[in-house]
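Listing of work17.cif; format and content: mmCIF, C-alpha atoms.
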data_data
#
loop_
_atom_site.label_atom_id
_atom_site.label_comp_id
_atom_site.auth_asym_id
_atom_site.auth_seq_id
_atom_site.Cartn_x
_atom_site.Cartn_y
_atom_site.Cartn_z
CA MET A 1 24.98 -8.12 36.27
CA ILE A 2 27.98 -9.42 34.40
CA ASP A 3 31.04 -7.17 34.36
CA ILE A 4 31.34 -6.00 30.75
CA THR A 5 34.90 -4.80 31.37
CA GLN A 6 35.97 -8.34 32.18
CA ILE A 7 34.83 -9.78 28.84
CA THR A 8 37.84 -9.98 26.56
CA SER A 9 37.99 -9.93 22.80
CA GLU A 10 40.10 -13.08 23.02
CA HIS A 11 37.36 -14.91 24.91
CA ILE A 12 34.81 -13.94 22.27
CA THR A 13 37.07 -15.11 19.44
CA ALA A 14 37.51 -18.48 21.11
CA HIS A 15 34.13 -19.04 22.76
CA GLY A 16 31.68 -16.26 21.85
CA LEU A 17 29.93 -14.15 24.47
CA PRO A 18 29.85 -15.56 28.00
CA ALA A 19 26.79 -17.62 28.87
CA ALA A 20 25.47 -15.08 31.37
CA ALA A 21 25.07 -12.49 28.59
CA PHE A 22 22.13 -14.53 27.29
CA LYS A 23 20.10 -14.50 30.51
CA ASP A 24 21.21 -11.70 32.85
CA LYS A 25 18.42 -9.22 33.60
CA ASP A 26 20.66 -6.24 34.36
CA THR A 27 22.64 -6.79 31.19
CA TYR A 28 19.39 -6.78 29.22
CA GLN A 29 18.38 -3.47 30.78
CA LEU A 30 21.73 -2.00 29.77
CA GLU A 31 21.22 -3.31 26.23
CA CYS A 32 17.87 -1.52 26.06
CA GLU A 33 19.63 1.73 26.90
CA LYS A 34 22.90 1.43 25.01
CA LEU A 35 21.89 -0.60 21.94
CA PHE A 36 18.18 -0.12 21.29
CA THR A 37 17.79 3.52 22.36
CA ASN A 38 21.03 4.95 21.00
CA GLY A 39 21.28 3.28 17.60
CA TRP A 40 19.18 2.55 14.52
CA THR A 41 16.65 -0.12 15.45
CA SER A 42 14.04 -1.61 13.11
CA ILE A 43 10.41 -1.83 14.24
CA GLY A 44 8.34 -2.86 11.20
CA CYS A 45 7.79 -2.49 7.48
CA GLY A 46 6.19 0.37 5.57
CA GLN A 47 3.91 -1.93 3.57
CA GLN A 48 2.39 -3.17 6.84
CA ILE A 49 0.70 0.23 7.01
CA SER A 50 -0.23 0.65 3.37
CA LYS A 51 -3.42 2.75 3.71
CA PRO A 52 -3.97 6.20 5.24
CA GLY A 53 -5.01 5.72 8.85
CA ASP A 54 -3.16 2.40 9.26
CA ILE A 55 -1.44 2.15 12.63
CA LEU A 56 1.17 -0.41 13.71
CA PRO A 57 1.93 -0.58 17.46
CA VAL A 58 5.32 -2.04 18.38
CA LYS A 59 6.84 -3.04 21.70
CA ILE A 60 10.59 -3.45 21.66
CA ALA A 61 13.28 -3.40 24.36
CA GLY A 62 11.11 -1.54 26.85
CA GLN A 63 9.75 0.98 24.34
CA SER A 64 6.15 1.29 23.11
CA LEU A 65 5.88 2.95 19.69
CA ILE A 66 3.42 3.40 16.86
CA ALA A 67 4.07 3.77 13.14
CA VAL A 68 1.26 5.61 11.36
CA ARG A 69 0.43 6.42 7.75
CA ASN A 70 -1.29 9.81 7.59
CA LYS A 71 -3.91 11.17 5.20
CA SER A 72 -1.21 12.31 2.78
CA GLY A 73 0.24 8.81 2.62
CA GLU A 74 3.33 9.71 4.64
CA ILE A 75 4.64 7.62 7.53
CA GLY A 76 5.28 8.98 11.01
CA VAL A 77 6.55 7.29 14.17
CA PHE A 78 5.55 8.29 17.69
CA HIS A 79 5.81 7.06 21.23
CA ASN A 80 2.61 5.16 22.00
CA ILE A 81 1.99 7.32 25.05
CA CYS A 82 -0.74 9.86 25.74
CA ARG A 83 0.63 13.27 26.76
CA HIS A 84 -1.72 13.41 29.74
CA LYS A 85 -0.82 10.54 32.09
CA GLY A 86 1.14 8.22 29.83
CA ALA A 87 -1.52 5.67 28.86
CA PRO A 88 -0.97 3.60 25.70
CA LEU A 89 -3.14 4.69 22.78
CA VAL A 90 -3.17 1.56 20.60
CA ASP A 91 -2.83 -2.14 21.46
CA GLU A 92 -3.37 -3.84 18.09
CA PRO A 93 -2.79 -2.98 14.41
CA CYS A 94 -5.77 -0.97 13.21
CA ASN A 95 -7.03 1.74 10.88
CA LYS A 96 -8.37 4.91 12.49
CA ARG A 97 -9.23 8.48 11.60
CA SER A 98 -7.92 9.66 14.98
CA LEU A 99 -6.19 8.28 18.06
CA VAL A 100 -8.27 8.30 21.25
CA CYS A 101 -6.70 7.61 24.63
CA PRO A 102 -8.77 4.93 26.42
CA TYR A 103 -8.05 6.51 29.81
CA HIS A 104 -9.38 10.08 29.57
CA LYS A 105 -10.32 10.36 25.87
CA TRP A 106 -7.68 12.81 24.85
CA THR A 107 -7.83 12.65 21.05
CA TYR A 108 -5.02 13.08 18.54
CA LYS A 109 -4.97 13.55 14.80
CA ILE A 110 -3.19 10.90 12.78
CA ASP A 111 -0.30 13.34 12.37
CA GLY A 112 0.18 13.32 16.16
CA ASN A 113 -1.25 16.74 16.95
CA LEU A 114 -3.69 17.01 19.85
CA LEU A 115 -7.24 17.44 18.61
CA SER A 116 -9.21 17.68 21.87
CA ALA A 117 -9.21 16.89 25.58
CA PRO A 118 -12.65 16.59 27.26
CA SER A 119 -13.40 19.29 29.85
CA TYR A 120 -9.75 20.30 29.88
CA PHE A 121 -10.53 23.41 31.94
CA GLY A 122 -12.90 21.66 34.33
CA ASN A 123 -16.03 23.69 35.01
CA GLU A 124 -14.86 26.57 32.86
CA ASN A 125 -16.75 26.76 29.59
CA LYS A 126 -13.58 27.34 27.61
CA VAL A 127 -12.22 25.83 24.38
CA MET A 128 -8.59 24.78 24.08
CA SER A 129 -6.65 27.18 21.89
CA ALA A 130 -3.92 26.26 19.44
CA GLU A 131 -1.47 27.55 22.01
CA ASP A 132 -2.95 25.27 24.69
CA LYS A 133 -2.47 22.27 22.41
CA ALA A 134 0.93 23.20 21.01
CA ASP A 135 3.08 21.38 23.59
CA LYS A 136 0.81 18.36 23.94
CA SER A 137 1.28 16.57 20.62
CA LEU A 138 2.46 12.99 20.57
CA ILE A 139 6.21 12.69 20.97
CA SER A 140 7.72 11.94 17.58
CA VAL A 141 10.58 9.53 17.00
CA ARG A 142 13.41 10.01 14.53
CA PHE A 143 13.07 7.41 11.78
CA ALA A 144 14.16 6.35 8.30
CA ILE A 145 12.77 3.88 5.77
CA TRP A 146 15.11 1.64 3.78
CA TRP A 147 14.05 -1.37 1.70
CA ASP A 148 10.61 -0.85 3.27
CA ILE A 149 12.08 -1.38 6.76
CA ILE A 150 11.21 1.30 9.31
CA PHE A 151 14.27 2.15 11.41
CA VAL A 152 14.06 4.36 14.49
CA ASN A 153 16.61 6.20 16.58
CA ILE A 154 14.87 6.82 19.89
CA ASP A 155 17.36 9.17 21.52
CA GLY A 156 17.78 11.15 18.29
CA GLN A 157 21.58 11.20 18.60
CA ALA A 158 22.72 8.45 16.22
CA GLU A 159 24.69 9.18 13.08
CA LEU A 160 22.80 10.06 9.92
CA PHE A 161 20.97 7.00 8.68
CA ASP A 162 22.37 7.42 5.18
CA ASP A 163 25.89 7.17 6.63
CA PHE A 164 24.92 4.21 8.82
CA ILE A 165 23.54 2.18 5.91
CA GLN A 166 25.91 3.39 3.16
CA PRO A 167 28.13 0.27 2.92
CA LEU A 168 25.12 -1.99 2.36
CA ASP A 169 23.42 0.54 0.10
CA GLU A 170 26.48 0.53 -2.14
CA LEU A 171 26.68 -3.26 -2.17
CA LEU A 172 23.02 -3.56 -3.24
CA ALA A 173 22.97 -0.59 -5.61
CA SER A 174 22.05 -2.73 -8.62
CA TYR A 175 18.91 -4.10 -6.92
CA PRO A 176 15.84 -1.82 -7.38
CA GLN A 177 14.65 -1.70 -3.77
CA ASN A 178 11.57 0.41 -4.48
CA ASP A 179 10.08 -2.36 -6.62
CA ILE A 180 9.64 -4.92 -3.84
CA ARG A 181 6.07 -5.93 -2.93
CA LYS A 182 5.18 -7.57 0.39
CA ILE A 183 3.23 -10.80 0.19
CA SER A 184 3.08 -11.65 3.91
CA THR A 185 4.15 -10.76 7.44
CA THR A 186 4.12 -13.46 10.13
CA ASP A 187 4.74 -12.87 13.84
CA TYR A 188 6.61 -15.30 16.05
CA SER A 189 7.64 -15.46 19.69
CA GLY A 190 10.34 -17.48 21.37
CA GLU A 191 11.69 -18.11 24.85
CA VAL A 192 15.14 -17.04 23.80
CA ASN A 193 17.54 -14.15 24.21
CA TRP A 194 17.48 -11.83 21.21
CA LYS A 195 21.21 -12.23 20.52
CA LEU A 196 20.82 -15.95 19.93
CA ALA A 197 18.19 -15.23 17.28
CA VAL A 198 20.54 -12.82 15.49
CA ASP A 199 23.50 -15.18 15.86
CA ASN A 200 21.50 -18.06 14.37
CA PHE A 201 20.58 -16.03 11.27
CA LEU A 202 24.25 -15.23 10.70
CA ASP A 203 25.26 -18.88 11.05
CA GLY A 204 25.52 -20.36 7.57
CA TYR A 205 27.03 -23.55 8.98
CA HIS A 206 23.71 -24.79 10.43
CA VAL A 207 21.63 -24.30 7.30
CA PRO A 208 22.24 -27.62 5.46
CA PHE A 209 21.75 -29.57 8.70
CA VAL A 210 18.67 -27.83 10.14
CA HIS A 211 17.15 -26.66 6.84
CA SER A 212 18.14 -29.36 4.38
CA GLN A 213 15.32 -28.17 2.11
CA ALA A 214 17.12 -24.82 1.73
CA CYS A 215 20.60 -25.77 0.56
CA SER A 216 23.31 -28.41 0.59
CA LEU A 217 26.56 -28.53 2.53
CA ALA A 218 28.43 -28.28 -0.79
CA SER A 219 26.65 -25.00 -1.44
CA VAL A 220 27.47 -23.37 1.90
CA LEU A 221 31.10 -24.44 1.61
CA GLU A 222 31.33 -21.66 -0.97
CA GLN A 223 29.99 -18.91 1.31
CA ASP A 224 31.84 -15.61 1.58
CA ASP A 225 31.91 -13.54 4.75
CA LEU A 226 30.82 -9.91 4.34
CA LEU A 227 32.22 -7.60 7.02
CA LEU A 228 30.92 -4.26 5.78
CA SER A 229 31.14 -1.89 8.76
CA GLU A 230 30.98 -1.65 12.55
CA ASN A 231 27.23 -2.19 12.20
CA ILE A 232 26.71 -4.51 9.24
CA VAL A 233 27.89 -8.06 8.59
CA GLY A 234 26.64 -10.78 6.29
CA LEU A 235 27.20 -13.80 4.10
CA ARG A 236 27.08 -14.42 0.37
CA LEU A 237 26.48 -17.53 -1.70
CA ALA A 238 27.46 -16.67 -5.25
CA ASN A 239 25.43 -19.62 -6.57
CA GLY A 240 23.05 -20.13 -3.69
CA ALA A 241 19.90 -19.59 -5.73
CA SER A 242 21.04 -21.60 -8.72
CA ALA A 243 22.62 -24.51 -6.83
CA LYS A 244 19.38 -25.83 -5.34
CA GLN A 245 15.91 -26.84 -6.40
CA ALA A 246 13.58 -23.90 -7.01
CA LYS A 247 11.14 -23.10 -4.20
CA THR A 248 8.30 -22.75 -6.68
CA ALA A 249 7.07 -24.82 -9.63
CA LYS A 250 7.18 -21.75 -11.87
CA GLN A 251 10.12 -19.40 -11.51
CA LEU A 252 9.23 -16.10 -9.89
CA PRO A 253 10.53 -13.10 -11.87
CA HIS A 254 13.97 -11.77 -11.02
CA PHE A 255 14.70 -8.22 -9.95
CA THR A 256 14.16 -6.03 -12.98
CA GLY A 257 17.44 -5.33 -14.73
CA LEU A 258 19.50 -7.59 -12.48
CA GLN A 259 22.80 -8.49 -14.11
CA PRO A 260 23.03 -12.12 -15.31
CA GLU A 261 26.01 -12.83 -13.05
CA LYS A 262 23.90 -11.97 -9.97
CA ARG A 263 20.92 -14.15 -10.86
CA GLY A 264 22.25 -16.99 -8.73
CA THR A 265 23.53 -14.91 -5.81
CA GLN A 266 22.00 -14.99 -2.33
CA GLN A 267 23.12 -12.57 0.37
CA TRP A 268 21.98 -12.13 3.94
CA PHE A 269 22.89 -9.53 6.51
CA GLY A 270 22.69 -8.58 10.15
CA ILE A 271 22.22 -4.84 10.62
CA PHE A 272 23.07 -4.20 14.26
CA PRO A 273 21.34 -4.64 16.56
CA ASN A 274 18.13 -6.35 15.39
CA THR A 275 17.58 -6.26 11.62
CA LEU A 276 17.97 -9.47 9.60
CA PHE A 277 17.80 -9.07 5.86
CA PHE A 278 18.00 -11.66 3.04
CA VAL A 279 18.22 -10.81 -0.67
CA ASP A 280 17.60 -13.51 -3.29
CA PRO A 281 17.38 -12.75 -7.03
CA CYS A 282 13.61 -13.39 -6.87
CA TRP A 283 12.57 -12.53 -3.30
CA VAL A 284 13.50 -10.59 -0.19
CA GLN A 285 13.03 -11.52 3.45
CA THR A 286 13.28 -9.31 6.51
CA ILE A 287 13.17 -10.51 10.10
CA ILE A 288 12.81 -7.85 12.76
CA ILE A 289 13.96 -9.10 16.16
CA ARG A 290 12.14 -7.45 19.07
CA PRO A 291 13.57 -8.14 22.54
CA MET A 292 10.74 -8.41 25.09
CA GLY A 293 12.87 -9.44 28.06
CA GLU A 294 16.18 -11.07 28.84
CA THR A 295 14.93 -14.48 27.65
CA THR A 296 11.90 -13.56 25.53
CA THR A 297 11.96 -12.40 21.93
CA ALA A 298 9.32 -11.55 19.32
CA GLU A 299 9.98 -11.70 15.58
CA SER A 300 8.20 -10.35 12.53
CA LEU A 301 9.05 -12.13 9.27
CA SER A 302 8.11 -10.25 6.11
CA ILE A 303 8.43 -11.75 2.63
CA TYR A 304 8.56 -9.78 -0.61
CA VAL A 305 8.60 -10.50 -4.30
CA VAL A 306 10.66 -8.17 -6.41
CA ASN A 307 8.30 -6.34 -8.78
CA ASP A 308 4.67 -5.83 -9.76
CA GLU A 309 4.71 -8.76 -12.18
CA ALA A 310 5.79 -11.16 -9.45
CA ALA A 311 3.10 -9.74 -7.15
CA SER A 312 0.33 -10.31 -9.71
CA ASP A 313 -2.32 -13.04 -9.59
CA GLU A 314 -0.41 -14.91 -12.29
CA TYR A 315 2.11 -15.89 -9.62
CA ALA A 316 -0.33 -16.43 -6.72
CA ALA A 317 0.58 -20.11 -6.34
CA GLU A 318 4.30 -19.31 -6.34
CA GLN A 319 3.79 -16.59 -3.73
CA THR A 320 1.95 -19.07 -1.48
CA THR A 321 4.71 -21.66 -1.84
CA LEU A 322 7.40 -19.08 -1.08
CA HIS A 323 5.50 -18.00 2.05
CA GLU A 324 5.15 -21.59 3.23
CA VAL A 325 8.77 -22.54 2.63
CA LEU A 326 10.32 -19.49 4.30
CA ASN A 327 8.01 -19.74 7.29
CA GLU A 328 8.80 -23.45 7.61
CA VAL A 329 12.49 -22.55 7.81
CA ASN A 330 11.85 -19.87 10.43
CA GLN A 331 9.69 -22.19 12.52
CA GLN A 332 12.50 -24.74 12.52
CA ASP A 333 14.82 -22.03 13.87
CA ILE A 334 12.33 -20.94 16.55
CA GLU A 335 12.04 -24.51 17.84
CA LEU A 336 15.82 -24.88 17.88
CA LEU A 337 16.38 -21.54 19.61
CA ASP A 338 13.97 -22.29 22.47
CA LYS A 339 16.12 -25.33 23.27
CA LEU A 340 19.40 -23.52 22.68
CA GLN A 341 18.45 -20.83 25.22
CA VAL A 342 18.59 -23.40 28.03
CA THR A 343 21.96 -24.84 27.10
CA ARG A 344 23.81 -21.82 25.67
CA SER A 345 23.06 -19.75 28.80
CA ASN A 346 24.54 -22.48 31.03
CA GLU A 347 28.02 -21.69 32.34
CA ILE A 348 29.35 -24.93 30.88
CA ALA A 349 28.80 -23.40 27.42
CA ASN A 350 31.72 -21.08 28.14
CA GLN A 351 33.91 -24.06 27.29
CA GLY A 352 32.51 -24.17 23.77
CA ASN A 353 34.81 -23.63 20.78
CA LEU A 354 34.01 -21.35 17.88
CA ASN A 355 35.25 -22.50 14.50
CA ALA A 356 37.38 -20.04 12.54
CA ALA A 357 36.34 -21.66 9.25
CA TRP A 358 32.65 -20.94 9.86
CA ASP A 359 32.10 -18.48 12.69
CA GLN A 360 33.90 -15.29 11.64
CA VAL A 361 30.66 -13.39 11.07
CA ASN A 362 29.26 -14.55 14.41
CA MET A 363 32.48 -13.56 16.18
CA THR A 364 32.21 -10.13 14.60
CA PHE A 365 28.61 -9.72 15.75
CA HIS A 366 29.68 -10.56 19.32
CA GLN A 367 32.58 -8.11 19.09
CA MET A 368 30.14 -5.41 17.91
CA TRP A 369 28.03 -6.08 20.99
CA LEU A 370 31.01 -5.80 23.31
CA LYS A 371 32.30 -2.58 21.79
CA LYS A 372 28.91 -0.87 21.91
CA MET A 373 28.15 -2.06 25.44
CA ARG A 374 31.50 -0.65 26.60
CA ALA A 375 31.09 2.66 24.78
CA GLN A 376 30.94 5.75 26.93
CA PRO A 377 28.10 8.25 26.35
CA SER A 378 29.05 11.05 23.98
CA VAL A 379 29.30 14.45 25.62
#

Kindly present the structure from the file in structure tokens form.
Amino acid sequence: MIDITQITSEHITAHGLPAAAFKDKDTYQLECEKLFTNGWTSIGCGQQISKPGDILPVKIAGQSLIAVRNKSGEIGVFHNICRHKGAPLVDEPCNKRSLVCPYHKWTYKIDGNLLSAPSYFGNENKVMSAEDKADKSLISVRFAIWWDIIFVNIDGQAELFDDFIQPLDELLASYPQNDIRKISTTDYSGEVNWKLAVDNFLDGYHVPFVHSQACSLASVLEQDDLLLSENIVGLRLANGASAKQAKTAKQLPHFTGLQPEKRGTQQWFGIFPNTLFFVDPCWVQTIIIRPMGETTTAESLSIYVVNDEAASDEYAAEQTTLHEVLNEVNQQDIELLDKLQVTRSNEIANQGNLNAAWDQVNMTFHQMWLKKMRAQPSV
């Protein structure tokens, strides 16, 4: 394991995190505990479970969870673990009236309460009482939903979510978040450390070179760094949407009521540790980064249009084009990151040089990591 206390802020400013941080197994285990258990981590999107009975299983940083929409249309999040002997209840997204453990058939209601356990009292012809079942419900997880993203706090000790997200909420106050409509979710996997995936998203410098279809170098030269809090950083292109060719033949509708001066603005954010969020005047993209190991990462890319009109059949062709273009961009990044994992985790990469003109947001993300990894548990 690398010695976190020996990593200096000065080294990060000059070179970024040390190479070993992108491949060390013990460091990854500490990240699971200190970053993904203690804080606000995203696991999926509410519109992925749109119907009562929909269930989304998620594996992330050593945790197995399920997000469920109950009969009343409300979302709940639980550990994907039977209260008998810890077997997983669900392996794939599905729609069910109840949750049945494949091991011993303990059965749970969609709200997490235990419904039945076969022959619980052995040979005794006895029915489980409400009292018998009371302490055997699925273990719930603290969660919040923001811009359709489901955030969880596994240890239940993080600050209030409203306080955590407030700086970004204020920045995006003029965008009607409840109007967004999901058009697709696509899953990816890469042989890469999760931090490299986050770092890449926050790197505006690479966009005109790797994704020339997305924007020009002249456009990104105008980017503004957004350092909003100890948990949220981002970038803004004031004319990013208006300075390039439209992604669709017919213009998708803008956010309802969006001020004219914001109709060319693109903004994208990293919400520590694993939420990547892009807001265009006509679409929204979320990428949820799910660490699966020290050098293995899963991603879920969800794409939204910004109101019911844009989600209608009238714009079906434009929705398809948007899906194809954004997934093409993400696939380009996945292919790059698989290669970058090999070289960036090599000790020789410690002699790399970050660029103050372009890498301030990336430096800040690395500094966030260092501060949180060094943090002592609260008493």

#### Entry: Polymer residues at most 12 Å from A:Ile149, only C-alpha atoms, same-chain spacing of 6 or more positions, as a PyMOL selection string
chain A and resi 40-49+67+75+143+177-178+180+182+271+274-277+284-288+300-304

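Between A:Trp268 and the candidates A:Asp224, A:Asp338, A:Glu230, A:Asp308, the tightest atom-to-atom separation, counting only C-alpha atoms, involves A:Asp224.
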
### Task
Apply the PyMOL selection byres ((chain A and resi 162) around 12) to the displayed file and report the matching residues as a count of residues only.
18

### Task
Could you state which residues are captured by the PyMOL selection byres ((chain A and resi 234) around 12) in this file, as a VMD selection string?
chain A and resid 167 to 168 171 198 to 199 201 to 204 223 to 233 235 to 237 266 to 272 275 to 279 359 to 365

### Query
Looking at only C-alpha atoms, which of A:Ser64, A:Thr256, A:Asn353, A:Thr321 is the one that sits closest to A:Phe78?
A:Ser64

Expected selection from the PyMOL selection byres ((chain A and resi 22-24) around 9), given as a short mmCIF file (atom, residue, chain, number, x, y, z; two decimals) with C-alpha atoms, in the coordinates of the input:
data_model
loop_
_atom_site.label_atom_id
_atom_site.label_comp_id
_atom_site.auth_asym_id
_atom_site.auth_seq_id
_atom_site.Cartn_x
_atom_site.Cartn_y
_atom_site.Cartn_z
CA MET A 1 24.98 -8.12 36.27
CA ILE A 2 27.98 -9.42 34.40
CA LEU A 17 29.93 -14.15 24.47
CA PRO A 18 29.85 -15.56 28.00
CA ALA A 19 26.79 -17.62 28.87
CA ALA A 20 25.47 -15.08 31.37
CA ALA A 21 25.07 -12.49 28.59
CA LYS A 25 18.42 -9.22 33.60
CA ASP A 26 20.66 -6.24 34.36
CA THR A 27 22.64 -6.79 31.19
CA TYR A 28 19.39 -6.78 29.22
CA GLN A 29 18.38 -3.47 30.78
CA VAL A 192 15.14 -17.04 23.80
CA ASN A 193 17.54 -14.15 24.21
CA TRP A 194 17.48 -11.83 21.21
CA LYS A 195 21.21 -12.23 20.52
CA LEU A 196 20.82 -15.95 19.93
CA GLU A 294 16.18 -11.07 28.84
CA THR A 295 14.93 -14.48 27.65
CA GLN A 341 18.45 -20.83 25.22
CA ARG A 344 23.81 -21.82 25.67
CA SER A 345 23.06 -19.75 28.80
#

### Query
Of the candidates A:Gln157, A:Thr107, A:Ser98, A:Ser119, which one gets nearest to A:Lys136 if we count all atoms listed in the file?
A:Thr107

### Query
Within 12 Å of (29.1, -13.9, -9.8), in the coordinates the file gives, what residues turn up when you count all atoms listed in the file, written out as a PyMOL selection string?
chain A and resi 222+224+236-242+258-267

### Task
Find the residues near A:Ser9: any atom within 12 Å, counting all atoms listed in the file, skip ones fewer than 2 places away on the same chain, and give them as a list of chain:residue names.
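Skipping anything fewer than 2 positions along the chain leaves A:Ile4, A:Thr5, A:Gln6, A:Ile7, A:His11, A:Ile12, A:Thr13, A:Ala14, A:His15, A:Gly16, A:Leu17, A:Pro18, A:Met363, A:Thr364, A:Phe365, A:His366, A:Gln367, A:Met368, A:Trp369, A:Leu370, A:Lys371, A:Arg374.
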
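Among the candidates A:Cys94, A:Ala316, A:Ile348, A:Cys82, the residue lying nearest to A:Lys51 is A:Cys94 (atoms considered: only C-alpha atoms).
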
### Query
How many Å lie between atom CA of A:Ala87 and atom CA of A:Ser140, rounded to one decimal?
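Between atom CA of A:Ala87 and atom CA of A:Ser140 the gap is 15.9 Å.
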
### Query
What does the distance between atom CA of A:Arg142 and atom CA of A:Pro273 come to in Å, to one decimal place?
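Between these atoms lies a distance of 16.8 Å.
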
Just add N, CA, C and O atoms to stretch 350-362 of chain A and send it as a compact mmCIF listing (two decimals), in the frame of the given file.
# COMPACT_ATOMS: atom_id res chain seq x y z
N ASN A 350 30.53 -21.91 28.28
CA ASN A 350 31.72 -21.08 28.14
C ASN A 350 32.94 -21.89 27.71
O ASN A 350 33.96 -21.32 27.34
N GLN A 351 32.83 -23.21 27.76
CA GLN A 351 33.91 -24.06 27.29
C GLN A 351 33.72 -24.48 25.83
O GLN A 351 34.46 -25.31 25.32
N GLY A 352 32.72 -23.89 25.18
CA GLY A 352 32.51 -24.17 23.77
C GLY A 352 33.63 -23.61 22.91
O GLY A 352 34.43 -22.77 23.36
N ASN A 353 33.72 -24.04 21.67
CA ASN A 353 34.81 -23.63 20.78
C ASN A 353 34.24 -23.14 19.46
O ASN A 353 33.65 -23.91 18.69
N LEU A 354 34.40 -21.85 19.19
CA LEU A 354 34.01 -21.35 17.88
C LEU A 354 34.98 -21.86 16.82
O LEU A 354 36.14 -22.16 17.12
N ASN A 355 34.50 -21.91 15.60
CA ASN A 355 35.25 -22.50 14.50
C ASN A 355 35.63 -21.39 13.53
O ASN A 355 34.76 -20.77 12.91
N ALA A 356 36.92 -21.15 13.39
CA ALA A 356 37.38 -20.04 12.54
C ALA A 356 36.94 -20.19 11.10
O ALA A 356 36.78 -19.21 10.38
N ALA A 357 36.73 -21.43 10.64
CA ALA A 357 36.34 -21.66 9.25
C ALA A 357 34.89 -21.25 8.99
O ALA A 357 34.53 -20.95 7.85
N TRP A 358 34.07 -21.19 10.05
CA TRP A 358 32.65 -20.94 9.86
C TRP A 358 32.11 -19.76 10.64
O TRP A 358 31.07 -19.19 10.28
N ASP A 359 32.74 -19.37 11.71
CA ASP A 359 32.10 -18.48 12.69
C ASP A 359 32.64 -17.06 12.70
O ASP A 359 32.43 -16.32 13.67
N GLN A 360 33.34 -16.64 11.63
CA GLN A 360 33.90 -15.29 11.64
C GLN A 360 32.83 -14.22 11.75
O GLN A 360 32.99 -13.22 12.47
N VAL A 361 31.73 -14.39 11.04
CA VAL A 361 30.66 -13.39 11.07
C VAL A 361 30.02 -13.35 12.45
O VAL A 361 29.72 -12.27 13.00
N ASN A 362 29.83 -14.51 13.07
CA ASN A 362 29.26 -14.55 14.41
C ASN A 362 30.20 -13.91 15.43
O ASN A 362 29.77 -13.15 16.30
